[in-house]
2 protein chains.
Amino acid sequence: MPSFYHEYERFYVSVDCVIFGFSGGNLKLLIQKRPYEPGLGEDSLIGGFIGKDESVNAAASRVLTYFTGLEDVYMQQLGVFGEVERDPGERVISVVFYALIDVRAYNENLSEKRNARWIDIDNLPRLCLDHNEMVEKAREALKSRINNEPIGSNLLPELFTLSQLQSLHESILGYPIDKRNFRRSVLSHGLIERTEKMDKESSRRGAALFKFAKETRKRGND
Amino acid sequence: MPSFYHEYERFYVSVDCVIFGFSGGNLKLLIQKRPYEPGLGEDSLIGGFIGKDESVNAAASRVLTYFTGLEDVYMQQLGVFGEVERDPGERVISVVFYALIDVRAYNENLSEKRNARWIDIDNLPRLCLDHNEMVEKAREALKSRINNEPIGSNLLPELFTLSQLQSLHESILGYPIDKRNFRRSVLSHGLIERTEKMDKESSRRGAALFKFAKETRKRGND
DNA sequence: TCAAAAGTGTTAATAGTACACCCATGA
DNA sequence: TCATGGGTGTACTATTAACACTTTTGA
């Protein structure tokens with residue numbers, strides 16, 4: 001096979017994943033200790049390099065599964081970070097994804113093994129390189145999606161209360177929502193359905209558990 | 001300078017630009033004859049390879065200027081196309097942008113020199129590689145932006161009639177819009193201003209010429 | 001005089017927003 | 001009995017959608 005483009009430069013290409021979770025009423029981010037120099041040990045997004053025979057999306061999925069133990073996760077491309085000096089070690093072009101996972105399904109065992117941990121999105125440490133900027137951009141993307149797509153289904157367990165769903169929306173949007181309006185709105189769209197089950201854990205009275213209607217759990221990274 | 005990532009693969013990274021224009025009441029796309037093997041001479045998006053000391057965005061701007069003669073053009077990242085086999089020659093990861101330009105400002109001389117031409121967006125030929133898919137995705141991005149951002153300012157000349165603006169919106173959205181509702185809506189947002197000038201070319205009666213209010217002409221690719 | 005595009009208002013439906021109290025329960 | 005979170009309705013406002021005729025003028 002001849003080399004058609006041999007006069008051009010080749011680049012390291014990485015994937016970085018902004019992995020969102022939701023627990024304890026707060027939006028969380030999964031971060032790791034950076035395993036390479038430069039910046040070894042600094043807080044970092046979950047990432048990795050693209051392999052020779054692997055598509056960009058496949059690399060993102062591989063990295064995500066490696067760090068969470070989960071497959072078929074909701075994942076979207078966010079964009080490319082391609083400044084020349086963004087990595088002081090070598091020139092690396094990074095393709096950024098964001099993913100939404102149910103933290104209850106996350107494999108806790110991996111946390112220690114991978115040197116990863118969940119942190120509160122509103123209390124982010126300084127991350128290495130341009131990773132804070134990536135998180136910021138991912139939050140914006142989430143904000144503009146939450147009202148139009150049922151992405152909450154990927155962050156919540158199968159069954160959830162309306163209060164949990166509201167709290168998730170509030171965490172993403174960053175402002176409080178009126179309870180009655182929220183309930184009416186979310187129910188009128190027909191995306192969620194009430195089940196017979198009740199949650200007795202988070203309140204004395206108990207709250208009805210809801211589930212997302214079929215087909216609203218969108219998966220994959222295409 | 002040590003090589004931190006030397007164990008990883010490096011890739012050719014290209015930029016491809018979906019360049020939209022608007023003339024004769026139709027949305028247009030600028031294409032070229034592909035200048036490389038494989039697929040030499042096939043219809044192709046405007047593209048090029050990223051240089052060693054050039055950011056990804058800078059590469060896109062360079063390519064755009066080279067093919068249009070224009071600088072400071074409205075440009076947005078669309079995403080990365082990273083399938084392993086997307087280019088049968090070599091593995092190339094492509095970062096795709098879309099740009100909006102005023103075809104009247106386009107340097108016609110470059111058309112022949114660069115082997116480029118404008119074609120009607122609704123009458124696209126088969127493009128090389130996965131370029132048709134890129135155009136499709138760019139059109140979707142345009143559609144979802146046209147109602148929220150004054151991107152029309154980048155496709156129209158400085159002064160334009162409301163009919164032209166409406167026709168642009170219709171071309172992008174793909175369906176007819178009610179004239180009265182459109183006018184009321186677009187005027188109420190205060191993004192455009194009526195000028196004293198009249199257009200006498202496209203109608204007997206003449207139509208008022210409008211311009212976008214300052215600060216609405218967003219430029220650059222960040 | 002007529003063809004062709006410019007210009008102009010009203011009404012109905014829908015979606016969104018603001019707002020406050022009672023209920024059921026376990027401790 | 002009381003503290004806690006669950007659950008409910010109504011009135012107002014803003015936005016969107018549907019719809020048809022008159023005006024101007026050059027050919």
# chains A, B, ... in the order shown; residues from 1 in each chain; ligands from 1

$ closest_atom_pairs --of "chain A" --to "chain D" --cutoff "9 Å" --atoms "only C-alpha atoms (C1' of nucleotides)" --output "JSON lines"
{"residue": "A:Ser163", "atom": "CA", "partner": "D:DG6", "partner_atom": "C1'", "distance": 8.8}
{"residue": "A:Arg180", "atom": "CA", "partner": "D:DT8", "partner_atom": "C1'", "distance": 7.7}
{"residue": "A:Ser202", "atom": "CA", "partner": "D:DG5", "partner_atom": "C1'", "distance": 7.9}
{"residue": "A:Ser203", "atom": "CA", "partner": "D:DG5", "partner_atom": "C1'", "distance": 5.5}
{"residue": "A:Arg204", "atom": "CA", "partner": "D:DT4", "partner_atom": "C1'", "distance": 7.1}
{"residue": "A:Arg205", "atom": "CA", "partner": "D:DG6", "partner_atom": "C1'", "distance": 6.8}
{"residue": "A:Gly206", "atom": "CA", "partner": "D:DG6", "partner_atom": "C1'", "distance": 7.2}
{"residue": "A:Ala207", "atom": "CA", "partner": "D:DG6", "partner_atom": "C1'", "distance": 6.2}
{"residue": "A:Ala208", "atom": "CA", "partner": "D:DG6", "partner_atom": "C1'", "distance": 8.7}

$ write_last_selection --atoms "N, CA, C and O atoms" --output "tab-separated table (two decimals), in the first residue's frame"
chain	number	residue	atom	x	y	z
A	163	SER	N	-38.67	14.03	42.56
A	163	SER	CA	-37.77	14.95	43.26
A	163	SER	C	-36.33	14.73	42.82
A	163	SER	O	-35.57	15.69	42.66
A	180	ARG	N	-44.14	22.48	40.99
A	180	ARG	CA	-45.38	22.16	40.26
A	180	ARG	C	-45.21	22.29	38.76
A	180	ARG	O	-45.66	21.44	38.00
A	202	SER	N	-36.13	8.05	51.10
A	202	SER	CA	-35.73	9.44	51.27
A	202	SER	C	-36.82	10.33	51.87
A	202	SER	O	-36.65	11.52	51.98
A	203	SER	N	-37.93	9.75	52.23
A	203	SER	CA	-38.93	10.55	52.92
A	203	SER	C	-39.82	9.65	53.76
A	203	SER	O	-39.98	8.46	53.48
A	204	ARG	N	-40.42	10.22	54.74
A	204	ARG	CA	-41.29	9.45	55.64
A	204	ARG	C	-42.53	9.00	54.90
A	204	ARG	O	-42.99	7.88	55.02
A	205	ARG	N	-43.04	9.92	54.14
A	205	ARG	CA	-44.31	9.64	53.45
A	205	ARG	C	-44.14	8.63	52.32
A	205	ARG	O	-45.04	7.86	52.02
A	206	GLY	N	-42.99	8.66	51.69
A	206	GLY	CA	-42.76	7.81	50.52
A	206	GLY	C	-43.12	8.56	49.26
A	206	GLY	O	-44.00	9.41	49.26
A	207	ALA	N	-42.40	8.25	48.18
A	207	ALA	CA	-42.63	8.95	46.92
A	207	ALA	C	-42.80	7.94	45.79
A	207	ALA	O	-42.17	6.89	45.80
A	208	ALA	N	-43.65	8.29	44.86
A	208	ALA	CA	-43.88	7.40	43.73
A	208	ALA	C	-42.61	7.28	42.90
A	208	ALA	O	-41.89	8.27	42.71

$ residues_around --residues "B:Gly69" --least-positions-apart "4" --cutoff "10 Å" --atoms "only C-alpha atoms (C1' of nucleotides)" --output "list in words"
Arg62, Val63, Leu64, Thr65, Ala105, Tyr106, Asn107, Glu108, Asn109 and Leu110 of chain B

$ interface_residues --of "chain B" --to "chain A" --cutoff "12 Å" --atoms "only C-alpha atoms" --output "ChimeraX atom specification"
/B:1-15,35-40,48-60,76-97,137,144,222

$ atom_distance --atom1 "atom CA of A:Leu165" --atom2 "atom CA of B:Asn148"
27.2 Å

$ interface_residues --of "chain C" --to "chain A" --cutoff "12 Å" --atoms "only C-alpha atoms (C1' of nucleotides)" --output "PyMOL selection string"
chain C and resi 15-20+23-27

$ select_by_dssp --residues "stretch 42-188 of chain A" --states "alpha helix (DSSP H)" --output "PyMOL selection string"
chain A and resi 56-68+109-113+131-146+152-155+162-173+179-188

$ residues_around --residues "stretch 16-30 of chain A" --least-positions-apart "3" --cutoff "8 Å" --atoms "only C-alpha atoms (C1' of nucleotides)" --output "PyMOL selection string"
chain A and resi 45-48+60+64+94-103+116-122+134-135+138+155-156+164+167-168+171-172

$ atom_distance --atom1 "atom CA of B:Leu162" --atom2 "atom C1' of C:DA3"
21.0 Å

$ select_by_dssp --residues "stretch 44-184 of chain A" --states "strand (DSSP E or B)" --output "mmCIF file with all heavy atoms, in the first residue's frame"
data_model
loop_
_atom_site.group_PDB
_atom_site.id
_atom_site.type_symbol
_atom_site.label_atom_id
_atom_site.label_comp_id
_atom_site.auth_asym_id
_atom_site.auth_seq_id
_atom_site.Cartn_x
_atom_site.Cartn_y
_atom_site.Cartn_z
ATOM 1 N N SER A 44 -6.855 14.871 36.527
ATOM 2 C CA SER A 44 -6.999 14.813 35.077
ATOM 3 C C SER A 44 -8.324 14.178 34.695
ATOM 4 O O SER A 44 -8.882 13.375 35.451
ATOM 5 C CB SER A 44 -5.848 13.957 34.530
ATOM 6 O OG SER A 44 -6.115 13.529 33.217
ATOM 7 N N LEU A 45 -8.811 14.517 33.541
ATOM 8 C CA LEU A 45 -9.947 13.778 33.002
ATOM 9 C C LEU A 45 -9.506 12.363 32.673
ATOM 10 O O LEU A 45 -8.315 12.074 32.566
ATOM 11 C CB LEU A 45 -10.466 14.451 31.724
ATOM 12 C CG LEU A 45 -11.208 15.765 31.901
ATOM 13 C CD1 LEU A 45 -11.606 16.331 30.537
ATOM 14 C CD2 LEU A 45 -12.459 15.558 32.757
ATOM 15 N N ILE A 46 -10.498 11.525 32.492
ATOM 16 C CA ILE A 46 -10.247 10.153 32.062
ATOM 17 C C ILE A 46 -9.885 10.205 30.586
ATOM 18 O O ILE A 46 -10.632 10.769 29.786
ATOM 19 C CB ILE A 46 -11.532 9.327 32.248
ATOM 20 C CG1 ILE A 46 -12.011 9.369 33.696
ATOM 21 C CG2 ILE A 46 -11.350 7.923 31.730
ATOM 22 C CD1 ILE A 46 -11.034 8.870 34.714
ATOM 23 N N GLY A 47 -8.772 9.618 30.228
ATOM 24 C CA GLY A 47 -8.386 9.702 28.819
ATOM 25 C C GLY A 47 -7.460 8.587 28.402
ATOM 26 O O GLY A 47 -7.111 7.710 29.196
ATOM 27 N N GLY A 48 -7.081 8.648 27.149
ATOM 28 C CA GLY A 48 -6.162 7.655 26.618
ATOM 29 C C GLY A 48 -5.809 8.000 25.186
ATOM 30 O O GLY A 48 -6.308 8.989 24.637
ATOM 31 N N PHE A 49 -4.960 7.185 24.602
ATOM 32 C CA PHE A 49 -4.556 7.448 23.229
ATOM 33 C C PHE A 49 -5.292 6.542 22.261
ATOM 34 O O PHE A 49 -5.699 5.435 22.618
ATOM 35 C CB PHE A 49 -3.046 7.275 23.084
ATOM 36 C CG PHE A 49 -2.299 8.448 23.652
ATOM 37 C CD1 PHE A 49 -2.007 8.509 25.019
ATOM 38 C CD2 PHE A 49 -1.933 9.511 22.846
ATOM 39 C CE1 PHE A 49 -1.348 9.606 25.554
ATOM 40 C CE2 PHE A 49 -1.275 10.606 23.367
ATOM 41 C CZ PHE A 49 -0.973 10.656 24.724
ATOM 42 N N TYR A 74 -24.145 6.241 27.330
ATOM 43 C CA TYR A 74 -24.476 7.422 26.546
ATOM 44 C C TYR A 74 -23.239 8.305 26.431
ATOM 45 O O TYR A 74 -22.658 8.706 27.419
ATOM 46 C CB TYR A 74 -25.584 8.213 27.238
ATOM 47 C CG TYR A 74 -25.950 9.498 26.521
ATOM 48 C CD1 TYR A 74 -26.954 9.517 25.566
ATOM 49 C CD2 TYR A 74 -25.289 10.685 26.794
ATOM 50 C CE1 TYR A 74 -27.297 10.682 24.908
ATOM 51 C CE2 TYR A 74 -25.620 11.867 26.135
ATOM 52 C CZ TYR A 74 -26.627 11.851 25.194
ATOM 53 O OH TYR A 74 -26.959 13.002 24.538
ATOM 54 N N MET A 75 -22.874 8.616 25.201
ATOM 55 C CA MET A 75 -21.626 9.319 24.983
ATOM 56 C C MET A 75 -21.752 10.184 23.734
ATOM 57 O O MET A 75 -22.295 9.749 22.729
ATOM 58 C CB MET A 75 -20.559 8.256 24.734
ATOM 59 C CG MET A 75 -19.176 8.726 24.971
ATOM 60 S SD MET A 75 -18.141 7.264 25.127
ATOM 61 C CE MET A 75 -16.659 8.071 25.641
ATOM 62 N N GLN A 76 -21.242 11.389 23.811
ATOM 63 C CA GLN A 76 -21.320 12.300 22.680
ATOM 64 C C GLN A 76 -19.991 12.989 22.470
ATOM 65 O O GLN A 76 -19.315 13.327 23.444
ATOM 66 C CB GLN A 76 -22.371 13.384 22.943
ATOM 67 C CG GLN A 76 -23.778 12.875 23.070
ATOM 68 C CD GLN A 76 -24.404 12.556 21.739
ATOM 69 O OE1 GLN A 76 -24.258 13.311 20.785
ATOM 70 N NE2 GLN A 76 -25.083 11.431 21.664
ATOM 71 N N GLN A 77 -19.687 13.217 21.227
ATOM 72 C CA GLN A 77 -18.489 13.988 20.925
ATOM 73 C C GLN A 77 -18.713 15.447 21.273
ATOM 74 O O GLN A 77 -19.755 16.008 20.942
ATOM 75 C CB GLN A 77 -18.215 13.895 19.436
ATOM 76 C CG GLN A 77 -16.809 13.521 19.097
ATOM 77 C CD GLN A 77 -16.562 13.626 17.613
ATOM 78 O OE1 GLN A 77 -16.596 14.707 17.019
ATOM 79 N NE2 GLN A 77 -16.337 12.479 16.999
ATOM 80 N N LEU A 78 -17.737 16.032 21.907
ATOM 81 C CA LEU A 78 -17.861 17.428 22.310
ATOM 82 C C LEU A 78 -17.082 18.337 21.365
ATOM 83 O O LEU A 78 -17.489 19.455 21.078
ATOM 84 C CB LEU A 78 -17.314 17.574 23.726
ATOM 85 C CG LEU A 78 -17.522 18.922 24.398
ATOM 86 C CD1 LEU A 78 -18.997 19.180 24.621
ATOM 87 C CD2 LEU A 78 -16.771 18.955 25.724
ATOM 88 N N GLY A 79 -15.946 17.847 20.897
ATOM 89 C CA GLY A 79 -15.133 18.673 19.997
ATOM 90 C C GLY A 79 -13.669 18.327 20.122
ATOM 91 O O GLY A 79 -13.294 17.437 20.880
ATOM 92 N N VAL A 80 -12.891 19.045 19.370
ATOM 93 C CA VAL A 80 -11.464 18.791 19.330
ATOM 94 C C VAL A 80 -10.733 19.944 19.994
ATOM 95 O O VAL A 80 -11.059 21.102 19.747
ATOM 96 C CB VAL A 80 -10.992 18.674 17.878
ATOM 97 C CG1 VAL A 80 -9.475 18.578 17.806
ATOM 98 C CG2 VAL A 80 -11.623 17.465 17.223
ATOM 99 N N PHE A 81 -9.780 19.623 20.813
ATOM 100 C CA PHE A 81 -8.906 20.641 21.382
ATOM 101 C C PHE A 81 -7.560 20.488 20.702
ATOM 102 O O PHE A 81 -6.878 19.490 20.868
ATOM 103 C CB PHE A 81 -8.825 20.492 22.904
ATOM 104 C CG PHE A 81 -10.039 21.025 23.604
ATOM 105 C CD1 PHE A 81 -11.282 20.434 23.438
ATOM 106 C CD2 PHE A 81 -9.951 22.154 24.405
ATOM 107 C CE1 PHE A 81 -12.419 20.939 24.062
ATOM 108 C CE2 PHE A 81 -11.084 22.667 25.049
ATOM 109 C CZ PHE A 81 -12.317 22.051 24.878
ATOM 110 N N VAL A 92 -0.189 17.036 21.150
ATOM 111 C CA VAL A 92 -1.258 16.044 21.166
ATOM 112 C C VAL A 92 -2.565 16.732 20.825
ATOM 113 O O VAL A 92 -2.900 17.769 21.404
ATOM 114 C CB VAL A 92 -1.414 15.387 22.560
ATOM 115 C CG1 VAL A 92 -2.557 14.383 22.540
ATOM 116 C CG2 VAL A 92 -0.127 14.702 22.992
ATOM 117 N N ILE A 93 -3.268 16.172 19.873
ATOM 118 C CA ILE A 93 -4.600 16.676 19.534
ATOM 119 C C ILE A 93 -5.603 15.823 20.297
ATOM 120 O O ILE A 93 -5.539 14.594 20.237
ATOM 121 C CB ILE A 93 -4.838 16.579 18.019
ATOM 122 C CG1 ILE A 93 -3.908 17.563 17.292
ATOM 123 C CG2 ILE A 93 -6.296 16.849 17.677
ATOM 124 C CD1 ILE A 93 -3.909 17.426 15.779
ATOM 125 N N SER A 94 -6.507 16.467 21.019
ATOM 126 C CA SER A 94 -7.422 15.695 21.849
ATOM 127 C C SER A 94 -8.852 15.792 21.355
ATOM 128 O O SER A 94 -9.369 16.887 21.131
ATOM 129 C CB SER A 94 -7.358 16.191 23.291
ATOM 130 O OG SER A 94 -8.290 15.459 24.057
ATOM 131 N N VAL A 95 -9.476 14.637 21.212
ATOM 132 C CA VAL A 95 -10.895 14.588 20.875
ATOM 133 C C VAL A 95 -11.649 14.358 22.179
ATOM 134 O O VAL A 95 -11.380 13.385 22.876
ATOM 135 C CB VAL A 95 -11.202 13.461 19.889
ATOM 136 C CG1 VAL A 95 -12.667 13.521 19.470
ATOM 137 C CG2 VAL A 95 -10.289 13.534 18.677
ATOM 138 N N VAL A 96 -12.558 15.258 22.480
ATOM 139 C CA VAL A 96 -13.221 15.210 23.779
ATOM 140 C C VAL A 96 -14.641 14.687 23.651
ATOM 141 O O VAL A 96 -15.383 15.066 22.732
ATOM 142 C CB VAL A 96 -13.222 16.596 24.433
ATOM 143 C CG1 VAL A 96 -13.827 16.534 25.827
ATOM 144 C CG2 VAL A 96 -11.804 17.141 24.496
ATOM 145 N N PHE A 97 -15.015 13.829 24.578
ATOM 146 C CA PHE A 97 -16.360 13.262 24.649
ATOM 147 C C PHE A 97 -16.949 13.573 26.010
ATOM 148 O O PHE A 97 -16.207 13.801 26.960
ATOM 149 C CB PHE A 97 -16.281 11.737 24.506
ATOM 150 C CG PHE A 97 -15.902 11.279 23.140
ATOM 151 C CD1 PHE A 97 -14.578 11.318 22.715
ATOM 152 C CD2 PHE A 97 -16.858 10.793 22.267
ATOM 153 C CE1 PHE A 97 -14.225 10.896 21.443
ATOM 154 C CE2 PHE A 97 -16.508 10.368 20.991
ATOM 155 C CZ PHE A 97 -15.201 10.422 20.577
ATOM 156 N N TYR A 98 -18.266 13.582 26.079
ATOM 157 C CA TYR A 98 -18.838 13.543 27.416
ATOM 158 C C TYR A 98 -19.752 12.335 27.511
ATOM 159 O O TYR A 98 -20.356 11.914 26.524
ATOM 160 C CB TYR A 98 -19.545 14.843 27.816
ATOM 161 C CG TYR A 98 -20.762 15.212 27.018
ATOM 162 C CD1 TYR A 98 -22.036 14.875 27.469
ATOM 163 C CD2 TYR A 98 -20.650 15.933 25.843
ATOM 164 C CE1 TYR A 98 -23.161 15.233 26.748
ATOM 165 C CE2 TYR A 98 -21.764 16.300 25.130
ATOM 166 C CZ TYR A 98 -23.013 15.935 25.576
ATOM 167 O OH TYR A 98 -24.120 16.293 24.854
ATOM 168 N N ALA A 99 -19.794 11.780 28.702
ATOM 169 C CA ALA A 99 -20.564 10.564 28.916
ATOM 170 C C ALA A 99 -21.420 10.740 30.158
ATOM 171 O O ALA A 99 -21.059 11.467 31.076
ATOM 172 C CB ALA A 99 -19.621 9.384 29.093
ATOM 173 N N LEU A 100 -22.568 10.080 30.149
ATOM 174 C CA LEU A 100 -23.465 10.138 31.299
ATOM 175 C C LEU A 100 -23.627 8.738 31.835
ATOM 176 O O LEU A 100 -24.035 7.832 31.100
ATOM 177 C CB LEU A 100 -24.830 10.672 30.868
ATOM 178 C CG LEU A 100 -24.812 12.004 30.115
ATOM 179 C CD1 LEU A 100 -26.226 12.420 29.745
ATOM 180 C CD2 LEU A 100 -24.122 13.079 30.944
ATOM 181 N N ALA A 116 -9.080 6.472 40.327
ATOM 182 C CA ALA A 116 -10.117 7.405 39.881
ATOM 183 C C ALA A 116 -11.061 7.715 41.026
ATOM 184 O O ALA A 116 -11.223 6.919 41.949
ATOM 185 C CB ALA A 116 -10.901 6.797 38.718
ATOM 186 N N ARG A 117 -11.694 8.867 40.976
ATOM 187 C CA ARG A 117 -12.671 9.198 42.011
ATOM 188 C C ARG A 117 -13.697 10.198 41.490
ATOM 189 O O ARG A 117 -13.448 10.913 40.524
ATOM 190 C CB ARG A 117 -11.968 9.745 43.249
ATOM 191 C CG ARG A 117 -11.344 11.103 43.050
ATOM 192 C CD ARG A 117 -10.547 11.474 44.312
ATOM 193 N NE ARG A 117 -10.356 12.916 44.420
ATOM 194 C CZ ARG A 117 -9.393 13.604 43.777
ATOM 195 N NH1 ARG A 117 -8.534 12.985 42.976
ATOM 196 N NH2 ARG A 117 -9.289 14.903 43.952
ATOM 197 N N TRP A 118 -14.838 10.198 42.165
ATOM 198 C CA TRP A 118 -15.911 11.122 41.815
ATOM 199 C C TRP A 118 -15.742 12.407 42.601
ATOM 200 O O TRP A 118 -15.579 12.364 43.817
ATOM 201 C CB TRP A 118 -17.275 10.514 42.173
ATOM 202 C CG TRP A 118 -17.652 9.384 41.290
ATOM 203 C CD1 TRP A 118 -17.568 8.058 41.575
ATOM 204 C CD2 TRP A 118 -18.190 9.475 39.976
ATOM 205 N NE1 TRP A 118 -18.011 7.297 40.520
ATOM 206 C CE2 TRP A 118 -18.407 8.158 39.522
ATOM 207 C CE3 TRP A 118 -18.519 10.538 39.119
ATOM 208 C CZ2 TRP A 118 -18.923 7.875 38.257
ATOM 209 C CZ3 TRP A 118 -19.031 10.251 37.868
ATOM 210 C CH2 TRP A 118 -19.232 8.935 37.448
ATOM 211 N N ILE A 119 -15.847 13.520 41.922
ATOM 212 C CA ILE A 119 -15.838 14.771 42.656
ATOM 213 C C ILE A 119 -17.037 15.612 42.256
ATOM 214 O O ILE A 119 -17.617 15.446 41.192
ATOM 215 C CB ILE A 119 -14.557 15.578 42.400
ATOM 216 C CG1 ILE A 119 -14.355 15.748 40.910
ATOM 217 C CG2 ILE A 119 -13.359 14.927 43.070
ATOM 218 C CD1 ILE A 119 -13.222 16.634 40.601
ATOM 219 N N ASP A 120 -17.378 16.489 43.172
ATOM 220 C CA ASP A 120 -18.521 17.351 42.961
ATOM 221 C C ASP A 120 -18.215 18.357 41.859
ATOM 222 O O ASP A 120 -17.181 19.032 41.886
ATOM 223 C CB ASP A 120 -18.808 18.071 44.272
ATOM 224 C CG ASP A 120 -20.258 18.406 44.396
ATOM 225 O OD1 ASP A 120 -20.700 19.306 43.649
ATOM 226 O OD2 ASP A 120 -20.937 17.769 45.202
ATOM 227 N N PHE A 160 -36.873 6.087 39.715
ATOM 228 C CA PHE A 160 -36.454 7.315 40.407
ATOM 229 C C PHE A 160 -37.697 8.105 40.797
ATOM 230 O O PHE A 160 -38.776 7.901 40.228
ATOM 231 C CB PHE A 160 -35.566 8.155 39.488
ATOM 232 C CG PHE A 160 -36.203 8.403 38.154
ATOM 233 C CD1 PHE A 160 -37.043 9.497 37.963
ATOM 234 C CD2 PHE A 160 -36.029 7.504 37.097
ATOM 235 C CE1 PHE A 160 -37.680 9.695 36.747
ATOM 236 C CE2 PHE A 160 -36.680 7.703 35.882
ATOM 237 C CZ PHE A 160 -37.497 8.803 35.705
ATOM 238 N N THR A 161 -37.529 9.005 41.734
ATOM 239 C CA THR A 161 -38.652 9.864 42.122
ATOM 240 C C THR A 161 -38.588 11.170 41.336
ATOM 241 O O THR A 161 -37.537 11.538 40.808
ATOM 242 C CB THR A 161 -38.603 10.201 43.624
ATOM 243 O OG1 THR A 161 -37.463 11.040 43.860
ATOM 244 C CG2 THR A 161 -38.483 8.945 44.469
#

$ residues_around --residues "B:Asn115" --least-positions-apart "4" --cutoff "9 Å" --atoms "only C-alpha atoms (C1' of nucleotides)" --output "PDB file with C-alpha atoms, in the first residue's frame"
ATOM      1  CA  ILE B  31     -16.530  22.000  -3.512  1.00  0.00           C
ATOM      2  CA  GLN B  32     -13.319  21.182  -5.283  1.00  0.00           C
ATOM      3  CA  LYS B  33     -11.835  18.431  -7.375  1.00  0.00           C
ATOM      4  CA  ARG B  34      -9.862  16.265  -5.018  1.00  0.00           C
ATOM      5  CA  LEU B 110      -9.833  31.600  -7.168  1.00  0.00           C
ATOM      6  CA  SER B 111     -12.535  29.420  -8.570  1.00  0.00           C
TER       7      SER B 111
END

$ closest_residue --among "A:Tyr66, A:Pro157, A:Leu142, A:Asn147" --to "A:Lys113" --atoms "only C-alpha atoms"
A:Tyr66
